[in-house]
file target35.txt (compact mmCIF, C-alpha atoms)
# COMPACT_ATOMS: atom_id res chain seq x y z
CA MET S 1 46.78 62.60 -35.59
CA ARG S 2 47.17 65.65 -33.34
CA LYS S 3 44.41 66.12 -30.76
CA LYS S 4 42.35 69.30 -30.69
CA PHE S 5 42.99 71.56 -27.72
CA LEU S 6 39.53 71.12 -26.20
CA ASP S 7 39.85 67.32 -26.52
CA ILE S 8 43.02 67.55 -24.43
CA VAL S 9 41.06 69.52 -21.81
CA ARG S 10 38.28 66.94 -21.90
CA ASP S 11 40.76 64.06 -21.41
CA LYS S 12 42.33 65.82 -18.43
CA VAL S 13 38.94 66.43 -16.80
CA ARG S 14 38.13 62.73 -17.15
CA PHE S 15 41.57 61.76 -15.85
CA LYS S 16 40.79 63.80 -12.71
CA HIS S 17 37.46 61.89 -12.41
CA TYR S 18 35.30 65.01 -12.49
CA SER S 19 31.59 64.64 -13.18
CA LEU S 20 30.10 64.91 -16.66
CA SER S 21 28.37 68.18 -15.73
CA THR S 22 31.71 69.66 -14.58
CA GLU S 23 33.30 68.51 -17.83
CA LYS S 24 30.63 70.26 -19.91
CA THR S 25 30.88 73.42 -17.79
CA TYR S 26 34.67 73.65 -18.03
CA ILE S 27 34.65 73.02 -21.79
CA HIS S 28 31.97 75.70 -22.24
CA TRP S 29 33.83 78.41 -20.33
CA ILE S 30 37.29 77.62 -21.71
CA LYS S 31 35.89 77.74 -25.24
CA HIS S 32 34.06 80.99 -24.43
CA TYR S 33 37.30 82.48 -23.01
CA ILE S 34 39.27 81.59 -26.14
CA PHE S 35 36.59 82.87 -28.52
CA TYR S 36 36.22 86.12 -26.55
CA HIS S 37 39.90 86.81 -27.30
CA ASN S 38 39.49 86.02 -31.02
CA LYS S 39 40.70 82.42 -30.76
CA LYS S 40 44.05 83.43 -29.30
CA HIS S 41 45.86 80.45 -27.75
CA PRO S 42 45.64 80.53 -23.91
CA ILE S 43 49.43 80.15 -23.57
CA GLU S 44 49.74 83.56 -25.23
CA MET S 45 47.36 85.12 -22.69
CA ALA S 46 47.81 85.86 -19.00
CA LYS S 47 46.51 88.04 -16.18
CA PRO S 48 45.23 91.01 -18.30
CA GLU S 49 43.16 88.76 -20.59
CA ILE S 50 41.68 86.82 -17.67
CA GLU S 51 40.72 90.02 -15.85
CA GLN S 52 39.21 91.45 -19.03
CA PHE S 53 37.11 88.33 -19.60
CA LEU S 54 35.86 88.11 -16.00
CA THR S 55 35.00 91.83 -15.99
CA TYR S 56 33.11 91.37 -19.26
CA LEU S 57 31.03 88.60 -17.67
CA ALA S 58 30.16 90.80 -14.68
CA VAL S 59 29.56 94.09 -16.53
CA GLY S 60 28.67 93.10 -20.09
CA ARG S 61 26.82 89.87 -19.47
CA LYS S 62 25.66 90.75 -15.93
CA VAL S 63 26.09 87.14 -14.81
CA SER S 64 25.53 86.01 -11.23
CA PRO S 65 28.49 85.66 -8.82
CA SER S 66 28.21 81.86 -8.95
CA THR S 67 28.38 81.88 -12.77
CA GLN S 68 31.43 84.16 -12.73
CA ASN S 69 33.12 81.92 -10.16
CA GLN S 70 32.30 78.93 -12.33
CA ALA S 71 34.04 80.56 -15.31
CA PHE S 72 37.03 81.49 -13.14
CA SER S 73 37.34 77.90 -11.88
CA ALA S 74 37.41 76.66 -15.48
CA ILE S 75 40.18 79.13 -16.35
CA LEU S 76 42.16 78.14 -13.25
CA PHE S 77 41.88 74.50 -14.32
CA LEU S 78 43.02 75.44 -17.83
CA TYR S 79 46.20 77.19 -16.71
CA LYS S 80 47.12 74.89 -13.83
CA GLU S 81 46.23 71.44 -15.19
CA ILE S 82 46.56 71.88 -18.97
CA LEU S 83 49.22 74.56 -19.46
CA GLY S 84 51.14 73.97 -16.21
CA VAL S 85 51.19 77.68 -15.39
CA ASP S 86 51.50 78.83 -11.77
CA MET S 87 48.94 81.63 -11.28
CA SER S 88 49.57 82.14 -7.55
CA SER S 89 51.50 85.40 -8.11
CA TRP S 90 49.08 86.87 -10.65
CA ASN S 91 46.62 88.27 -8.09
CA ILE S 92 43.68 88.46 -10.49
CA GLN S 93 41.80 91.77 -10.04
CA ALA S 94 38.56 91.73 -11.98
CA LEU S 95 35.26 93.49 -11.43
CA ARG S 96 33.27 90.87 -9.57
CA ALA S 97 29.59 90.23 -10.10
CA GLN S 98 27.53 91.76 -7.31
CA GLU S 99 26.65 89.13 -4.74
CA ARG S 100 23.17 89.11 -3.31
CA LYS S 101 22.25 87.52 -0.02
CA HIS S 102 19.23 85.34 -0.64
CA ILE S 103 17.00 83.91 2.06
CA PRO S 104 15.83 80.47 0.89
CA GLN S 105 12.16 80.18 0.09
CA VAL S 106 10.45 77.29 1.84
CA LEU S 107 7.15 75.45 1.72
CA THR S 108 4.80 74.88 4.63
CA LYS S 109 4.10 71.27 5.60
CA GLU S 110 0.69 71.61 3.94
CA GLU S 111 2.25 72.90 0.69
CA VAL S 112 4.78 70.06 0.67
CA LYS S 113 1.93 67.56 1.07
CA LYS S 114 -0.02 69.16 -1.78
CA VAL S 115 2.95 68.93 -4.16
CA ILE S 116 3.77 65.35 -3.16
CA ASP S 117 0.12 64.32 -3.57
CA ASN S 118 0.30 65.52 -7.17
CA LEU S 119 3.32 63.33 -7.93
CA THR S 120 3.14 59.62 -8.69
CA GLY S 121 5.32 56.53 -8.65
CA THR S 122 9.09 56.92 -8.55
CA TYR S 123 9.02 60.72 -8.66
CA GLN S 124 6.80 60.86 -5.60
CA LEU S 125 9.12 58.55 -3.67
CA ILE S 126 12.18 60.63 -4.64
CA VAL S 127 10.53 63.82 -3.35
CA TYR S 128 9.47 62.02 -0.18
CA LEU S 129 13.16 61.24 0.40
CA MET S 130 14.37 64.75 -0.48
CA TYR S 131 11.95 66.31 1.99
CA GLY S 132 12.01 63.52 4.59
CA CYS S 133 15.84 63.32 4.70
CA GLY S 134 16.93 66.80 3.55
CA LEU S 135 18.69 65.53 0.43
CA ARG S 136 20.02 67.44 -2.53
CA MET S 137 18.64 66.26 -5.87
CA ASN S 138 21.89 64.57 -6.90
CA GLU S 139 22.19 62.85 -3.53
CA ALA S 140 18.69 61.40 -3.93
CA LEU S 141 19.23 60.28 -7.52
CA ASN S 142 22.62 58.69 -6.77
CA ILE S 143 21.32 56.47 -3.97
CA ARG S 144 22.10 52.81 -4.58
CA ILE S 145 20.41 49.79 -3.03
CA LYS S 146 23.34 49.20 -0.67
CA ASP S 147 22.88 52.70 0.80
CA ILE S 148 19.46 51.86 2.28
CA ASP S 149 19.72 50.20 5.70
CA LEU S 150 16.19 49.02 6.53
CA GLY S 151 17.42 47.13 9.59
CA PHE S 152 18.71 50.25 11.35
CA ASP S 153 16.31 52.65 9.61
CA LYS S 154 18.99 54.86 8.14
CA MET S 155 20.46 55.84 4.79
CA TYR S 156 24.08 56.47 3.84
CA ILE S 157 25.04 59.49 1.73
CA TRP S 158 28.46 59.15 0.10
CA ASP S 159 30.63 61.76 -1.66
CA SER S 160 28.17 64.61 -1.21
CA LYS S 161 28.81 68.18 -2.34
CA SER S 162 30.66 68.91 0.90
CA LEU S 163 32.77 65.74 0.45
CA LYS S 164 31.45 64.66 3.83
CA ASP S 165 29.84 61.22 4.14
CA ARG S 166 26.87 61.07 6.49
CA THR S 167 23.86 59.03 7.58
CA VAL S 168 20.28 60.25 7.89
CA PRO S 169 17.29 58.56 9.56
CA LEU S 170 14.74 56.98 7.22
CA PRO S 171 11.16 58.25 7.48
CA GLN S 172 9.05 55.35 8.74
CA ILE S 173 6.11 56.45 6.60
CA ILE S 174 7.88 55.37 3.39
CA LYS S 175 9.75 52.29 4.66
CA GLN S 176 7.40 49.81 2.97
CA ARG S 177 7.58 51.75 -0.29
CA LEU S 178 11.37 51.64 -0.15
CA LYS S 179 11.22 47.85 0.30
CA ALA S 180 8.93 47.61 -2.73
CA GLN S 181 11.27 49.87 -4.74
CA ILE S 182 14.26 47.67 -3.91
CA GLU S 183 12.32 44.59 -5.03
CA TYR S 184 11.41 46.39 -8.27
CA VAL S 185 15.07 47.26 -8.95
CA GLU S 186 16.08 43.66 -8.27
CA SER S 187 13.59 42.39 -10.86
CA VAL S 188 14.68 45.00 -13.43
CA HIS S 189 18.33 44.13 -12.86
CA THR S 190 17.65 40.41 -13.27
CA LYS S 191 16.01 41.11 -16.64
CA ASP S 192 18.87 43.39 -17.71
CA VAL S 193 21.40 40.66 -16.95
CA ALA S 194 19.34 38.15 -18.94
CA ASP S 195 19.29 40.62 -21.85
CA GLY S 196 23.07 40.96 -21.82
CA TYR S 197 23.31 44.23 -19.89
CA GLY S 198 23.23 44.70 -16.10
CA SER S 199 26.27 46.90 -15.47
CA VAL S 200 25.93 50.25 -13.71
CA TYR S 201 28.13 53.33 -13.67
CA LEU S 202 30.74 53.43 -10.91
CA PRO S 203 33.34 56.14 -10.31
CA TYR S 204 36.53 55.10 -12.10
CA ALA S 205 38.54 54.27 -8.97
CA LEU S 206 35.78 52.00 -7.63
CA GLU S 207 35.32 50.22 -10.93
CA ARG S 208 39.04 49.50 -11.05
CA LYS S 209 39.17 48.39 -7.42
CA TYR S 210 36.01 46.25 -7.57
CA PRO S 211 35.68 45.15 -11.22
CA ARG S 212 32.68 42.88 -10.54
CA ALA S 213 30.75 45.42 -8.48
CA LYS S 214 29.19 47.14 -11.52
CA CYS S 215 27.07 44.04 -12.18
CA GLU S 216 26.04 43.39 -8.57
CA THR S 217 22.47 44.13 -7.49
CA LYS S 218 23.48 46.13 -4.43
CA TRP S 219 25.31 48.70 -6.59
CA GLN S 220 22.27 49.41 -8.81
CA PHE S 221 20.63 52.82 -8.56
CA LEU S 222 17.53 52.89 -6.36
CA PHE S 223 15.75 55.05 -8.95
CA PRO S 224 16.72 53.65 -12.35
CA MET S 225 15.63 54.97 -15.73
CA LYS S 226 12.86 53.14 -17.54
CA SER S 227 15.24 51.97 -20.26
CA VAL S 228 18.92 51.30 -20.82
CA ALA S 229 20.96 53.92 -22.66
CA LYS S 230 24.46 54.51 -23.99
CA ASP S 231 26.88 56.01 -21.48
CA PRO S 232 28.11 59.31 -23.04
CA ARG S 233 31.69 58.65 -21.94
CA SER S 234 32.30 54.91 -22.11
CA GLU S 235 29.55 54.22 -24.71
CA VAL S 236 28.56 51.15 -22.68
CA ILE S 237 24.83 50.31 -22.80
CA ARG S 238 23.64 50.44 -19.20
CA ARG S 239 20.79 51.63 -16.96
CA HIS S 240 21.46 54.98 -15.30
CA HIS S 241 19.40 56.78 -12.67
CA VAL S 242 16.39 59.00 -13.40
CA HIS S 243 17.46 62.17 -15.22
CA GLU S 244 17.61 65.44 -13.26
CA LYS S 245 15.61 67.34 -15.88
CA THR S 246 12.84 64.72 -15.89
CA LEU S 247 12.51 64.93 -12.11
CA GLY S 248 12.57 68.73 -12.20
CA ARG S 249 9.85 68.81 -14.85
CA ASN S 250 7.61 66.49 -12.81
CA ILE S 251 8.08 68.63 -9.67
CA LYS S 252 7.20 71.80 -11.57
CA GLN S 253 4.04 70.23 -13.02
CA ALA S 254 3.02 68.92 -9.59
CA ALA S 255 3.39 72.39 -8.08
CA ILE S 256 1.14 73.85 -10.79
CA LYS S 257 -1.49 71.15 -10.19
CA ALA S 258 -1.26 71.74 -6.44
CA ASN S 259 -1.89 75.46 -7.01
CA VAL S 260 1.25 76.37 -5.04
CA HIS S 261 2.31 79.83 -6.24
CA LYS S 262 5.96 79.64 -5.23
CA ARG S 263 9.04 78.80 -7.27
CA VAL S 264 9.12 75.09 -6.50
CA THR S 265 12.39 73.37 -7.39
CA SER S 266 13.99 70.19 -6.09
CA HIS S 267 16.11 72.15 -3.60
CA ILE S 268 13.12 73.80 -1.91
CA PHE S 269 12.35 70.47 -0.18
CA ARG S 270 15.80 70.45 1.44
CA HIS S 271 15.27 74.05 2.61
CA SER S 272 11.83 73.13 3.94
CA TYR S 273 13.24 70.09 5.77
CA ALA S 274 15.84 72.20 7.59
CA THR S 275 13.38 74.98 8.43
CA ASN S 276 10.74 72.57 9.73
CA LEU S 277 13.33 70.83 11.94
CA LEU S 278 14.46 74.19 13.35
CA GLN S 279 10.85 75.19 14.06
CA SER S 280 10.28 71.90 15.90
CA GLY S 281 13.17 72.62 18.28
CA ILE S 282 16.04 70.57 16.77
CA ASP S 283 19.34 72.31 17.52
CA LEU S 284 21.39 73.95 14.76
CA ARG S 285 24.41 71.66 15.15
CA SER S 286 22.29 68.54 14.61
CA ILE S 287 20.71 70.07 11.52
CA GLN S 288 24.19 70.90 10.22
CA GLU S 289 25.19 67.24 10.55
CA LEU S 290 21.99 66.02 8.89
CA LEU S 291 22.45 68.37 5.95
CA GLY S 292 26.17 67.63 5.62
CA HIS S 293 27.26 71.27 5.81
CA LYS S 294 30.97 71.87 6.41
CA SER S 295 30.32 74.98 8.47
CA VAL S 296 27.51 75.83 10.87
CA GLU S 297 27.47 79.31 9.28
CA THR S 298 25.91 77.76 6.17
CA THR S 299 23.18 76.20 8.28
CA MET S 300 22.53 79.46 10.11
CA VAL S 301 20.71 80.84 7.06
CA TYR S 302 17.69 78.84 8.23
CA THR S 303 17.57 80.85 11.46
CA HIS S 304 16.99 83.89 9.24
CA VAL S 305 14.20 82.02 7.45
CA VAL S 306 12.47 81.28 10.76
CA ALA S 307 13.01 84.88 11.87
CA GLU S 308 11.34 86.10 8.69
CA MET S 309 8.42 83.76 9.37
CA ASN S 310 8.08 85.12 12.91
CA LYS S 311 7.68 88.61 11.47
CA GLY S 312 4.28 87.43 10.31
CA ARG S 313 3.17 87.44 13.96
CA VAL S 314 3.78 91.18 14.20
CA VAL S 315 0.45 93.00 14.05
CA SER S 316 0.21 95.95 11.68
CA PRO S 317 -0.97 99.25 13.22
CA LEU S 318 -3.91 99.06 10.79
CA ASP S 319 -5.07 95.88 12.53
CA MET S 320 -4.66 97.11 16.07
call {"tool": "encode", "arguments": {"input": "target35.txt", "output": "structure tokens"}}
result
Amino acid sequence: MRKKFLDIVRDKVRFKHYSLSTEKTYIHWIKHYIFYHNKKHPIEMAKPEIEQFLTYLAVGRKVSPSTQNQAFSAILFLYKEILGVDMSSWNIQALRAQERKHIPQVLTKEEVKKVIDNLTGTYQLIVYLMYGCGLRMNEALNIRIKDIDLGFDKMYIWDSKSLKDRTVPLPQIIKQRLKAQIEYVESVHTKDVADGYGSVYLPYALERKYPRAKCETKWQFLFPMKSVAKDPRSEVIRRHHVHEKTLGRNIKQAAIKANVHKRVTSHIFRHSYATNLLQSGIDLRSIQELLGHKSVETTMVYTHVVAEMNKGRVVSPLDM
């Protein structure tokens, strides 16, 4: 039986070991690209069709620059990895979505405390780590027991967005709670094994290299879901980490309860961490290393945040 075109794309994405979210994104945009051109096969399309589609996204759909780049990445993957077409000489010229320079919004230490105080249990501990260590949401959720070093008071972050492994110091205020969380995961894992489960997701290369690791306690997620579920790819029944949407929903509700009238998302705690460190006198290069940024230019955005805050000290002529 001949495979459908999008199934071939899906298989290739999995062969390259891309994440499930990347798989869904690429499938979405490739399908959208094909449907935009009336289901014309991609091999029959080239530079003009790609430029037309990207311009449509910017002008017709008015998407953000990041969304347009996402669609372009999916199309690049399609032509390079699926169709084997070299696009290097095409020099794609499309109307690009207008890029805006955003200054990250941050919370004061008091606002962070208010939000955290309105969270409970696992979700509260996750946010403590995101703010206390400057973690991205996915970095926090993907922490495994082996990544917590209570002896040296540090935590290992592997395969982050910047593809740069790093360590961050553990906040002493939550050390006992982390110990209790590890003990909880150990008890849950013991029960899962007794019930015939107990395996955890590992990236394909690791699972092949260490076939027994998926059932070892140290590889279990530090923040597991309350119940086991079927893996959408392998269909194996296993316990994954807390879902991103569930965490995001709890953070949003906590911000409402705390009466914090800012757009509070998971990433605002990372921004607040960096800004608070900069305000306390920590140098920019150290903050860059702690955040795992490839370039110090990325970290420099927080100097603009602090500068904006300092504007608040300027006295209006009305108040003079």
call {"tool": "residues_around", "arguments": {"input": "target35.txt", "residues": "Gly121 in chain S", "least_positions_apart": "3", "cutoff": "10 Å", "atoms": "only C-alpha atoms", "output": "list of chain:residue names"}}
result
S:Gln124, S:Leu125, S:Ile126, S:Arg177, S:Gln181
call {"tool": "residues_around", "arguments": {"input": "target35.txt", "residues": "range 255-261 of chain S", "least_positions_apart": "4", "cutoff": "7 Å", "atoms": "all atoms listed in the file", "output": "ChimeraX atom specification"}}
result
/S:111,114-115,118,251
call {"tool": "closest_residue", "arguments": {"input": "target35.txt", "among": "S:His293, S:His243, S:Arg270, S:Lys146", "to": "Leu222 in chain S", "atoms": "all atoms listed in the file"}}
result
S:Lys146
call {"tool": "residues_around", "arguments": {"input": "target35.txt", "residues": "Met225 in chain S", "least_positions_apart": "3", "cutoff": "10 Å", "atoms": "all atoms listed in the file", "output": "list in words"}}
result
Thr122, Phe221, Leu222, Val228, Ala229, Arg238, Arg239, His240, His241, Val242 and His243 of chain S
call {"tool": "residues_around", "arguments": {"input": "target35.txt", "residues": "Lys47 in chain S", "least_positions_apart": "6", "cutoff": "9 Å", "atoms": "all atoms listed in the file", "output": "list in words"}}
result
Met87, Trp90, Asn91, Ile92 and Gln93 of chain S
call {"tool": "atom_distance", "arguments": {"input": "target35.txt", "atom1": "CA of Lys175 in chain S", "atom2": "CA of Leu141 in chain S"}}
result
17.4 Å
call {"tool": "closest_residue", "arguments": {"input": "target35.txt", "among": "S:Cys133, S:His17, S:Asp11, S:Tyr79", "to": "Leu202 in chain S", "atoms": "all atoms listed in the file"}}
result
S:His17
call {"tool": "decode", "arguments": {"input": "target35.txt", "residues": "range 205-256 of chain S", "atoms": "C-alpha atoms", "output": "compact mmCIF listing (two decimals), in the first residue's frame"}}
result
# COMPACT_ATOMS: atom_id res chain seq x y z
CA ALA S 205 19.44 7.56 20.28
CA LEU S 206 19.59 7.24 24.07
CA GLU S 207 16.98 4.49 24.17
CA ARG S 208 18.98 2.52 21.61
CA LYS S 209 22.29 3.13 23.39
CA TYR S 210 20.95 2.41 26.90
CA PRO S 211 18.00 0.03 26.42
CA ARG S 212 17.46 -0.49 30.16
CA ALA S 213 17.63 3.20 31.09
CA LYS S 214 13.94 3.86 30.31
CA CYS S 215 12.93 1.75 33.33
CA GLU S 216 15.52 3.14 35.76
CA THR S 217 14.38 5.49 38.53
CA LYS S 218 17.03 8.11 37.80
CA TRP S 219 15.66 8.66 34.28
CA GLN S 220 12.09 9.36 35.47
CA PHE S 221 10.73 12.87 35.06
CA LEU S 222 10.91 14.99 38.22
CA PHE S 223 7.39 16.28 37.55
CA PRO S 224 5.37 13.31 36.30
CA MET S 225 1.74 13.33 35.25
CA LYS S 226 -0.82 12.00 37.69
CA SER S 227 -1.58 9.01 35.49
CA VAL S 228 0.02 6.91 32.78
CA ALA S 229 -0.98 7.56 29.17
CA LYS S 230 -0.38 6.23 25.67
CA ASP S 231 2.65 7.71 23.92
CA PRO S 232 1.31 9.33 20.69
CA ARG S 233 4.22 7.99 18.66
CA SER S 234 5.18 4.60 20.07
CA GLU S 235 1.74 3.87 21.62
CA VAL S 236 3.54 2.56 24.71
CA ILE S 237 1.67 3.14 27.99
CA ARG S 238 4.00 5.22 30.15
CA ARG S 239 4.11 8.19 32.54
CA HIS S 240 5.13 11.45 30.88
CA HIS S 241 5.86 14.81 32.49
CA VAL S 242 3.22 17.41 33.41
CA HIS S 243 1.61 18.86 30.28
CA GLU S 244 2.63 22.36 29.16
CA LYS S 245 -0.98 23.52 28.79
CA THR S 246 -1.89 22.32 32.29
CA LEU S 247 1.02 24.25 33.79
CA GLY S 248 0.18 27.34 31.74
CA ARG S 249 -3.45 27.23 32.86
CA ASN S 250 -2.44 26.98 36.53
CA ILE S 251 -0.05 29.94 36.18
CA LYS S 252 -2.75 32.05 34.54
CA GLN S 253 -5.27 31.25 37.28
CA ALA S 254 -2.69 32.01 39.99
CA ALA S 255 -1.97 35.41 38.44
CA ILE S 256 -5.70 36.24 38.45
